[in-house]
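This is upload.cif. It holds mmCIF, C-alpha atoms and all ligand atoms.
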```cif
data_upload
#
loop_
_atom_site.label_atom_id
_atom_site.label_comp_id
_atom_site.auth_asym_id
_atom_site.auth_seq_id
_atom_site.Cartn_x
_atom_site.Cartn_y
_atom_site.Cartn_z
CA MET M 24 16.88 28.06 9.86
CA ALA M 25 15.38 24.73 10.96
CA LYS M 26 16.97 21.32 10.87
CA VAL M 27 15.17 18.86 8.62
CA LEU M 28 16.11 15.21 9.09
CA ILE M 29 15.41 12.93 6.13
CA THR M 30 15.72 9.23 6.85
CA THR M 31 16.35 8.19 3.27
CA GLU M 32 18.37 9.17 0.28
CA MET M 33 16.11 11.52 -1.72
CA PHE M 34 16.00 13.22 -5.08
CA SER M 35 18.52 16.07 -4.96
CA GLU M 36 16.02 18.53 -6.51
CA ALA M 37 13.66 18.06 -3.55
CA VAL M 38 16.49 18.47 -1.03
CA GLU M 39 17.57 21.62 -2.86
CA VAL M 40 14.09 23.13 -2.46
CA LEU M 41 14.40 22.71 1.31
CA ARG M 42 17.85 24.30 1.33
CA ARG M 43 16.65 27.22 -0.82
CA ALA M 44 13.87 27.75 1.73
CA GLY M 45 16.65 28.30 4.27
CA HIS M 46 16.64 24.97 6.07
CA GLN M 47 19.53 22.80 7.11
CA VAL M 48 19.05 19.31 5.69
CA GLU M 49 20.57 16.11 7.01
CA ALA M 50 20.04 13.01 4.86
CA PRO M 51 22.07 9.93 3.97
CA GLN M 52 23.90 10.03 0.62
CA ALA M 53 22.70 6.52 -0.14
CA GLY M 54 20.26 4.05 1.37
CA ARG M 55 18.43 4.86 4.56
CA LEU M 56 19.12 5.63 8.19
CA SER M 57 18.78 2.84 10.72
CA ARG M 58 16.53 3.37 13.73
CA ASP M 59 19.55 4.03 15.94
CA GLN M 60 20.89 6.59 13.47
CA ILE M 61 17.51 8.34 13.42
CA LEU M 62 17.33 8.38 17.22
CA SER M 63 20.82 9.83 17.50
CA ARG M 64 20.18 12.58 14.91
CA ILE M 65 16.68 13.75 15.73
CA GLN M 66 17.39 15.72 18.92
CA GLU M 67 17.65 19.10 17.14
CA ALA M 68 15.31 18.37 14.22
CA GLU M 69 12.19 20.48 13.73
CA ALA M 70 11.01 18.39 10.79
CA LEU M 71 11.30 14.73 9.92
CA ILE M 72 10.77 13.30 6.45
CA CYS M 73 10.48 9.55 6.89
CA LEU M 74 9.65 6.28 5.22
CA LEU M 75 6.54 4.23 5.91
CA SER M 76 8.93 1.58 7.22
CA ASP M 77 10.27 3.96 9.93
CA ARG M 78 8.38 3.47 13.17
CA VAL M 79 7.47 6.88 14.57
CA ASP M 80 6.49 6.00 18.14
CA GLU M 81 6.69 7.39 21.67
CA GLU M 82 10.39 6.57 21.92
CA LEU M 83 11.26 8.43 18.75
CA LEU M 84 8.99 11.38 19.46
CA SER M 85 10.35 11.83 22.95
CA ALA M 86 13.88 11.92 21.52
CA ALA M 87 12.79 14.90 19.38
CA PRO M 88 11.81 17.78 21.68
CA ARG M 89 11.88 20.40 18.89
CA LEU M 90 9.91 18.39 16.31
CA LYS M 91 6.99 20.22 14.64
CA VAL M 92 6.21 18.06 11.64
CA VAL M 93 6.52 14.47 10.47
CA ALA M 94 6.12 14.13 6.70
CA ASN M 95 5.57 10.49 5.79
CA LEU M 96 6.68 9.41 2.32
CA GLY M 97 3.56 7.39 1.67
CA VAL M 98 -0.19 7.66 2.04
CA GLY M 99 -0.56 4.98 4.73
CA VAL M 100 0.36 6.26 8.18
CA ASP M 101 0.07 3.05 10.21
CA ASN M 102 3.78 3.38 11.06
CA ILE M 103 3.09 6.56 13.04
CA ASP M 104 1.62 6.79 16.53
CA LEU M 105 -0.83 9.55 15.59
CA GLU M 106 -2.20 9.85 19.08
CA ALA M 107 1.26 10.46 20.54
CA ALA M 108 2.16 12.95 17.81
CA THR M 109 -1.10 14.85 18.27
CA ARG M 110 -0.68 14.98 22.04
CA ARG M 111 2.66 16.68 21.43
CA GLY M 112 1.20 19.07 18.83
CA ILE M 113 3.33 17.49 16.09
CA VAL M 114 1.72 17.77 12.68
CA VAL M 115 1.70 14.62 10.53
CA THR M 116 1.41 14.75 6.75
CA ASN M 117 1.31 12.04 4.06
CA THR M 118 1.34 11.80 0.27
CA PRO M 119 -2.20 11.01 -0.98
CA ASP M 120 -3.48 11.43 -4.55
CA VAL M 121 -0.10 11.67 -6.31
CA LEU M 122 0.37 7.89 -6.00
CA THR M 123 -3.21 6.75 -6.58
CA GLU M 124 -3.06 5.83 -10.28
CA THR M 125 0.45 4.40 -10.06
CA THR M 126 -0.56 2.10 -7.21
CA ALA M 127 -3.73 1.08 -9.04
CA ASP M 128 -1.59 0.23 -12.09
CA LEU M 129 0.55 -2.06 -9.93
CA GLY M 130 -2.57 -3.65 -8.45
CA TRP M 131 -3.74 -4.44 -11.94
CA ALA M 132 -0.30 -5.64 -13.02
CA LEU M 133 -0.40 -8.10 -10.11
CA LEU M 134 -3.94 -9.18 -10.94
CA MET M 135 -3.02 -9.83 -14.57
CA ALA M 136 0.25 -11.53 -13.63
CA ALA M 137 -1.55 -13.96 -11.31
CA ALA M 138 -4.42 -14.60 -13.74
CA ARG M 139 -2.14 -15.31 -16.70
CA ARG M 140 0.71 -16.86 -14.67
CA LEU M 141 3.26 -14.45 -16.13
CA VAL M 142 5.92 -14.86 -13.46
CA GLU M 143 5.81 -18.65 -13.59
CA ALA M 144 5.92 -18.62 -17.39
CA ASP M 145 8.87 -16.22 -17.49
CA ARG M 146 10.79 -18.20 -14.86
CA ASP M 147 10.15 -21.51 -16.63
CA LEU M 148 11.25 -20.13 -19.97
CA ARG M 149 14.55 -18.85 -18.55
CA GLU M 150 15.22 -22.01 -16.57
CA ARG M 151 13.99 -24.68 -18.99
CA GLY M 152 13.79 -22.93 -22.35
CA PHE M 153 10.78 -22.62 -24.66
CA PRO M 154 9.73 -26.14 -25.58
CA GLY M 155 7.63 -24.94 -28.55
CA TRP M 156 3.97 -23.97 -28.81
CA THR M 157 1.65 -26.51 -27.26
CA PHE M 158 -2.12 -26.58 -27.14
CA ILE M 159 -2.31 -27.35 -23.42
CA PRO M 160 0.75 -25.59 -21.96
CA PRO M 161 1.61 -25.82 -18.26
CA HIS M 162 0.67 -22.17 -17.86
CA LEU M 163 -3.03 -22.21 -18.67
CA GLY M 164 -4.52 -19.28 -16.79
CA VAL M 165 -7.90 -17.66 -16.30
CA ASP M 166 -9.67 -14.84 -18.13
CA VAL M 167 -9.94 -11.36 -16.72
CA TRP M 168 -12.19 -9.69 -19.30
CA GLY M 169 -15.86 -9.76 -18.36
CA ARG M 170 -15.48 -11.44 -14.98
CA ILE M 171 -16.28 -10.25 -11.43
CA LEU M 172 -13.99 -7.88 -9.54
CA GLY M 173 -14.30 -7.11 -5.84
CA VAL M 174 -12.69 -4.04 -4.29
CA VAL M 175 -12.31 -3.94 -0.52
CA GLY M 176 -11.92 -0.29 0.56
CA LEU M 177 -13.40 2.08 -1.99
CA GLY M 178 -11.12 5.05 -1.37
CA ARG M 179 -8.80 6.76 -3.83
CA ILE M 180 -6.87 3.65 -4.90
CA GLY M 181 -9.88 1.34 -4.64
CA THR M 182 -11.86 3.62 -6.94
CA ALA M 183 -8.98 3.70 -9.44
CA ILE M 184 -8.89 -0.12 -9.37
CA ALA M 185 -12.67 -0.27 -9.91
CA ARG M 186 -12.52 2.19 -12.82
CA ARG M 187 -9.95 0.01 -14.58
CA GLY M 188 -12.23 -2.99 -13.96
CA ARG M 189 -15.03 -1.31 -15.87
CA GLY M 190 -12.55 -0.90 -18.73
CA PHE M 191 -12.24 -4.69 -18.72
CA ASN M 192 -16.02 -5.06 -18.95
CA MET M 193 -16.15 -6.49 -15.45
CA ARG M 194 -19.02 -6.50 -12.99
CA VAL M 195 -17.54 -4.64 -10.03
CA LEU M 196 -18.58 -5.19 -6.42
CA TYR M 197 -17.15 -3.19 -3.55
CA PHE M 198 -17.13 -3.26 0.22
CA SER M 199 -16.18 -0.20 2.23
CA ARG M 200 -16.82 1.30 5.65
CA THR M 201 -19.45 3.60 4.13
CA ARG M 202 -21.57 3.20 1.04
CA LYS M 203 -20.84 5.53 -1.87
CA PRO M 204 -24.04 5.93 -3.92
CA ALA M 205 -22.62 8.65 -6.19
CA ARG M 206 -19.65 6.47 -7.14
CA GLU M 207 -21.96 3.46 -7.57
CA ARG M 208 -23.94 5.45 -10.15
CA GLU M 209 -20.91 7.02 -11.84
CA LEU M 210 -18.98 3.77 -12.26
CA GLY M 211 -21.79 1.22 -12.20
CA LEU M 212 -20.54 -0.42 -8.99
CA GLU M 213 -22.52 -2.65 -6.62
CA TYR M 214 -22.14 -2.49 -2.87
CA ALA M 215 -21.84 -5.90 -1.17
CA PRO M 216 -21.14 -6.88 2.45
CA LEU M 217 -17.65 -8.41 2.71
CA ASP M 218 -18.81 -12.03 2.96
CA ARG M 219 -20.97 -11.76 -0.16
CA LEU M 220 -18.18 -10.02 -2.06
CA LEU M 221 -15.78 -12.84 -1.15
CA ARG M 222 -18.28 -15.51 -2.20
CA GLU M 223 -19.07 -13.92 -5.57
CA CYS M 224 -15.88 -12.35 -6.90
CA ASP M 225 -13.28 -13.89 -9.20
CA PHE M 226 -10.71 -11.26 -8.19
CA VAL M 227 -10.55 -9.55 -4.80
CA VAL M 228 -8.30 -6.51 -4.45
CA LEU M 229 -7.55 -5.09 -0.98
CA THR M 230 -7.15 -1.32 -0.72
CA VAL M 231 -8.01 -0.53 2.91
CA PRO M 232 -5.64 1.22 5.32
CA LEU M 233 -4.19 -0.83 8.18
CA THR M 234 -6.15 -0.06 11.35
CA PRO M 235 -7.19 -2.17 14.35
CA GLU M 236 -10.43 -2.91 12.42
CA THR M 237 -8.68 -4.09 9.25
CA HIS M 238 -5.98 -6.21 10.92
CA HIS M 239 -6.50 -9.77 9.57
CA LEU M 240 -9.64 -8.64 7.79
CA ILE M 241 -8.91 -11.60 5.52
CA GLY M 242 -8.25 -14.70 7.63
CA GLU M 243 -9.00 -18.40 7.53
CA ARG M 244 -12.79 -17.88 7.60
CA GLU M 245 -12.80 -15.24 4.86
CA LEU M 246 -10.48 -17.30 2.64
CA SER M 247 -12.84 -20.23 3.04
CA LEU M 248 -15.67 -18.11 1.60
CA MET M 249 -13.75 -17.34 -1.60
CA LYS M 250 -14.27 -19.28 -4.82
CA GLU M 251 -11.82 -22.07 -5.52
CA ASP M 252 -10.91 -20.22 -8.70
CA ALA M 253 -10.52 -16.80 -7.05
CA ILE M 254 -7.42 -14.62 -6.97
CA LEU M 255 -6.56 -12.35 -4.03
CA VAL M 256 -4.50 -9.19 -4.59
CA ASN M 257 -3.11 -7.29 -1.61
CA ILE M 258 -1.76 -3.81 -2.29
CA ALA M 259 -2.92 -2.42 1.07
CA ARG M 260 -0.79 -3.52 4.02
CA GLY M 261 0.47 -7.01 4.88
CA PRO M 262 -1.30 -7.41 8.23
CA VAL M 263 -4.70 -6.94 6.54
CA VAL M 264 -4.26 -10.60 5.54
CA ASP M 265 -3.41 -13.50 7.84
CA GLU M 266 -0.38 -14.57 5.81
CA GLU M 267 -0.12 -18.00 7.37
CA ALA M 268 -3.76 -18.80 6.60
CA LEU M 269 -3.26 -17.49 3.07
CA ALA M 270 -0.18 -19.65 2.46
CA ARG M 271 -2.19 -22.67 3.64
CA ALA M 272 -5.15 -21.87 1.37
CA LEU M 273 -2.79 -21.44 -1.61
CA ARG M 274 -0.88 -24.63 -0.88
CA GLU M 275 -4.09 -26.64 -0.55
CA GLY M 276 -5.55 -25.10 -3.70
CA ARG M 277 -8.53 -23.63 -1.84
CA ILE M 278 -8.10 -20.44 -3.87
CA ARG M 279 -6.38 -20.25 -7.24
CA ALA M 280 -3.67 -17.66 -6.58
CA ALA M 281 -2.60 -14.55 -4.72
CA ALA M 282 -0.54 -11.54 -5.68
CA LEU M 283 1.03 -9.62 -2.82
CA ASP M 284 2.91 -6.34 -2.81
CA VAL M 285 2.87 -6.10 0.98
CA PHE M 286 3.71 -8.50 3.80
CA GLU M 287 2.84 -8.96 7.44
CA ARG M 288 6.36 -8.48 8.79
CA GLU M 289 8.18 -6.46 6.13
CA PRO M 290 10.86 -6.81 4.99
CA GLU M 291 10.40 -10.47 5.98
CA VAL M 292 8.29 -12.58 3.67
CA HIS M 293 6.56 -15.56 5.21
CA PRO M 294 8.75 -18.57 4.29
CA ASP M 295 5.65 -20.62 3.41
CA LEU M 296 4.83 -18.18 0.59
CA LEU M 297 8.19 -18.39 -1.14
CA PRO M 298 7.94 -21.88 -2.68
CA LEU M 299 4.38 -21.38 -3.92
CA ARG M 300 4.07 -21.10 -7.69
CA ASN M 301 0.58 -19.63 -7.32
CA ALA M 302 1.84 -16.61 -5.36
CA VAL M 303 3.16 -13.54 -7.17
CA LEU M 304 5.30 -11.52 -4.76
CA THR M 305 6.64 -7.98 -5.20
CA PRO M 306 8.64 -5.96 -2.63
CA HIS M 307 6.14 -3.17 -1.79
CA ILE M 308 6.58 -1.24 -5.04
CA GLY M 309 3.02 0.08 -5.47
CA SER M 310 4.05 3.72 -5.92
CA ALA M 311 7.51 3.01 -7.31
CA THR M 312 7.74 4.91 -10.57
CA TRP M 313 10.19 7.74 -11.17
CA ALA M 314 7.41 10.28 -11.65
CA THR M 315 5.38 9.25 -8.62
CA ARG M 316 8.30 8.98 -6.22
CA GLY M 317 9.35 12.44 -7.44
CA ALA M 318 5.85 13.80 -6.78
CA MET M 319 5.82 12.19 -3.30
CA ALA M 320 9.17 13.79 -2.45
CA ASP M 321 7.92 17.19 -3.67
CA LEU M 322 4.76 16.88 -1.61
CA ALA M 323 6.63 15.95 1.57
CA VAL M 324 9.00 18.89 1.06
CA GLU M 325 6.08 21.29 0.46
CA SER M 326 4.42 20.08 3.66
CA VAL M 327 7.56 20.63 5.72
CA ILE M 328 8.14 24.08 4.29
CA ALA M 329 4.51 25.02 4.94
CA VAL M 330 4.47 23.89 8.57
CA LEU M 331 7.84 25.48 9.34
CA ALA M 332 6.52 28.74 7.86
CA GLY M 333 3.37 28.52 10.00
CA ARG M 334 1.07 27.55 7.10
CA ARG M 335 -1.40 24.67 7.21
CA PRO M 336 -0.18 21.86 4.92
CA ALA M 337 -2.57 20.60 2.27
CA ASN M 338 -2.26 16.96 3.26
CA LEU M 339 -2.66 17.18 7.01
CA VAL M 340 -3.39 13.83 8.70
CA ASN M 341 -4.04 15.04 12.28
CA PRO M 342 -5.93 18.36 12.19
CA LYS M 343 -6.10 18.44 16.01
CA ALA M 344 -2.33 18.88 16.18
CA TRP M 345 -2.58 21.79 13.77
CA SER M 346 -5.24 23.52 15.86
CA GLN M 347 -2.90 23.27 18.87
CA THR M 348 -0.11 25.06 16.98
CA GLY M 349 -2.44 28.08 17.11
P1 LIG S 1 -8.19 6.09 1.16
O1 LIG S 1 -8.59 6.98 0.04
O2 LIG S 1 -8.29 6.60 2.55
O3 LIG S 1 -9.05 4.74 1.01
C1 LIG S 1 -9.15 3.78 1.97
C2 LIG S 1 -10.57 3.25 1.95
O4 LIG S 1 -10.64 2.17 2.88
C3 LIG S 1 -11.58 4.30 2.39
O5 LIG S 1 -12.49 4.48 1.36
C4 LIG S 1 -12.22 3.70 3.62
O6 LIG S 1 -13.61 3.66 3.59
C5 LIG S 1 -11.90 2.24 3.53
N1 LIG S 1 -11.84 1.67 4.87
C6 LIG S 1 -11.19 2.11 5.96
N2 LIG S 1 -11.40 1.30 7.00
C7 LIG S 1 -12.22 0.32 6.56
C8 LIG S 1 -12.80 -0.81 7.17
N3 LIG S 1 -12.58 -1.10 8.47
N4 LIG S 1 -13.58 -1.60 6.41
C9 LIG S 1 -13.82 -1.32 5.12
N5 LIG S 1 -13.31 -0.25 4.49
C10 LIG S 1 -12.50 0.55 5.20
O7 LIG S 1 -6.70 5.61 0.99
P2 LIG S 1 -5.91 5.29 -0.37
O8 LIG S 1 -5.16 6.46 -0.79
O9 LIG S 1 -6.84 4.64 -1.32
O10 LIG S 1 -4.86 4.21 0.20
C11 LIG S 1 -5.32 3.02 0.79
C12 LIG S 1 -4.19 2.23 1.42
O11 LIG S 1 -3.41 1.64 0.42
C13 LIG S 1 -3.18 3.04 2.22
O12 LIG S 1 -3.64 3.29 3.55
C14 LIG S 1 -1.96 2.18 2.20
O13 LIG S 1 -1.93 1.32 3.32
C15 LIG S 1 -2.12 1.38 0.93
N6 LIG S 1 -1.13 1.74 -0.11
C16 LIG S 1 -0.25 0.80 -0.52
C17 LIG S 1 0.65 1.11 -1.52
C18 LIG S 1 1.64 0.09 -2.00
O14 LIG S 1 2.74 0.47 -2.36
N7 LIG S 1 1.29 -1.17 -2.05
C19 LIG S 1 0.67 2.38 -2.10
C20 LIG S 1 -0.24 3.30 -1.64
C21 LIG S 1 -1.15 2.98 -0.64
P3 LIG S 1 -14.66 4.82 3.70
O15 LIG S 1 -14.32 5.79 2.63
O16 LIG S 1 -15.87 4.07 3.43
O17 LIG S 1 -14.55 5.40 5.05
C1 LIG S 2 2.59 2.90 0.33
O1 LIG S 2 2.47 1.81 0.76
C2 LIG S 2 1.88 4.03 0.82
O2 LIG S 2 1.16 3.91 1.82
O3 LIG S 2 2.03 5.09 0.20
#
```
Could the structure of this file be written out as C-alpha cells, please?
Amino acid sequence: MAKVLITTEMFSEAVEVLRRAGHQVEAPQAGRLSRDQILSRIQEAEALICLLSDRVDEELLSAAPRLKVVANLGVGVDNIDLEAATRRGIVVTNTPDVLTETTADLGWALLMAAARRLVEADRDLRERGFPGWTFIPPHLGVDVWGRILGVVGLGRIGTAIARRGRGFNMRVLYFSRTRKPARERELGLEYAPLDRLLRECDFVVLTVPLTPETHHLIGERELSLMKEDAILVNIARGPVVDEEALARALREGRIRAAALDVFEREPEVHPDLLPLRNAVLTPHIGSATWATRGAMADLAVESVIAVLAGRRPANLVNPKAWSQTG
C-alpha cells in the first residue's frame, strides 16, 4: 500500500479507484492544500497528484524522499522542475489530449466574446438596462467569419483552434517551432514567421507552452507589429505575454482587444487590465467542464496506479526518469 497525496479536492469516483487499487489516499475534503500543508504531508508519499498552480521544485522534492511519481492535473508542466524530478528518478505525468477540444472551445469563446463585445454588452445591460434597439449601439464589434486567424504554437490545442477557424471560413496562418506540412495540407494552413503572422492576422491565439523561449514571446515590439484592429487571445500561460505592455497597448488603442484566460502572476491579475473594457478576462478555466475535469482526474489516477505497479504511464513527460526506474 502506497500513500498518494492529492493537493486538491477531487471527484470521489477517481479517489475511489485509487483506494480500490490498494492505496492510502490523503486529500482535502474541500478546496486545496496550501504549500505548507503539502510540505508537511509529503514525507511518506510515494505519489503526488497536484495542480498546475502547485510549485513542484527542489524544496518540495527534497521533502519527499519516497516519491516515485508526480501526476500534474493539467497538460502544461511549467510548474514542475523537470530536471530536478528526473535527477531523482521521479516520473512526471500530465493530462494531454483529454482537454484539447474543451480548451479550444474556450479559446474560441474568448475570441468571439472580444470580437462581439459580449461581456461589455452583458454588463451594460445589467447595470444600465436595455435602452432599446439602436442602429449604432455602443457595442459595435468586428466580424469573425472570413477573416484572418493566426495560431502561435500548432500543437494539439493550436490545431483544434485552427480547425475551428476553417469552419468560420477563415484564412489561417500559424507559427510554430517546426513546420507541419501534413497539417498545412490537411487543414489548408499557411506557415508564417511570427512577425509576419502578427502583421497580417485579425485574431492571434497563443497556444505555446511556457518555456524560457516563450517567456514574453509577445512584448512591446510584437504588440506594435499587430494591426490596430487585431484581437489577442491568450489561452497558453500568462508569462508568454508581457502583461504590462499589453495593458498599455489596450489602453492606448494600439490593438482592438484582448481576451485572457491566463495571467503572468496567477492568481493576481495585473491591476492595469481590470478597468479596461477591451479586455475579456477569465480565471484560467480553459479545461473547466465537468466531463474534461473528470477525464483529467481519471488520467492522473491511471498514471499513478501504473507507476506504482511498475508500468510505464501513457502520458509520461520525462522518459529519462522512467528509464532510471529500471
Ligand atoms: P502541445 O501539443 O505540446 O503544443 C504546443 C505547441 O507549441 C507545439 O506544437 C510546439 O511546437 C509549440 N512550441 C513550443 N515551443 C515553441 C516556441 N518556442 N515557439 C513556437 N512554438 C513553440 O501542447 P497543447 O496540449 O496544445 O498545450 C499547449 C499549452 O496550452 C500548454 O502547455 C498549456 O500551457 C496551455 N494550456 C492552457 C489551458 C488553459 O486552461 N488555458 C488548458 C490547456 C493547456 P512544435 O510542435 O513545432 O515543436
Ligand atoms: C491548463 O492550463 C493546462 O495546462 O492543462
- prompt: Could you tell me, as an NGL selection string, which residues have any atom at most 7 Å from (3.5, -14.2, -4.9), counting all atoms listed in the file?
  reply: :M and (281-283 or 296 or 301-305)
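Nearest residue to Leu141 of chain M among M:Gln347, M:Arg277, M:Arg300, M:Ala272 is M:Arg300, counting only C-alpha atoms.
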message: Need the shell around segment 333-345 of chain M: protein/DNA/RNA residues with any atom at most 9 Å away, counting all atoms listed in the file. Skip same-chain ones fewer than 2 positions apart. Format as a ChimeraX atom specification?
response: /M:100,105-106,108-119,322,325-331,347-349
message: If I take atom C1 of ligand LIG 1 (chain S) and atom CA of Leu220 of chain M, how far is one from the other in Å, to one decimal?
response: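 Calculated distance between atom C1 of ligand LIG 1 (chain S) and atom CA of Leu220 of chain M is 17.0 Å.
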field: Selection within 12 Å of ligand LIG 2 (chain S) by all atoms listed in the file, output as a PyMOL selection string
entry: chain M and resi 73-76+94-103+116-127+129-130+179-180+230-233+257-261+284-286+289+306-311+315-316+318-320+323
task: Go ahead and compute the interatomic distance for atom C10 of ligand LIG 1 (chain S) and atom CA of Thr237 of chain M, in Å to one decimal.
output: 7.2 Å
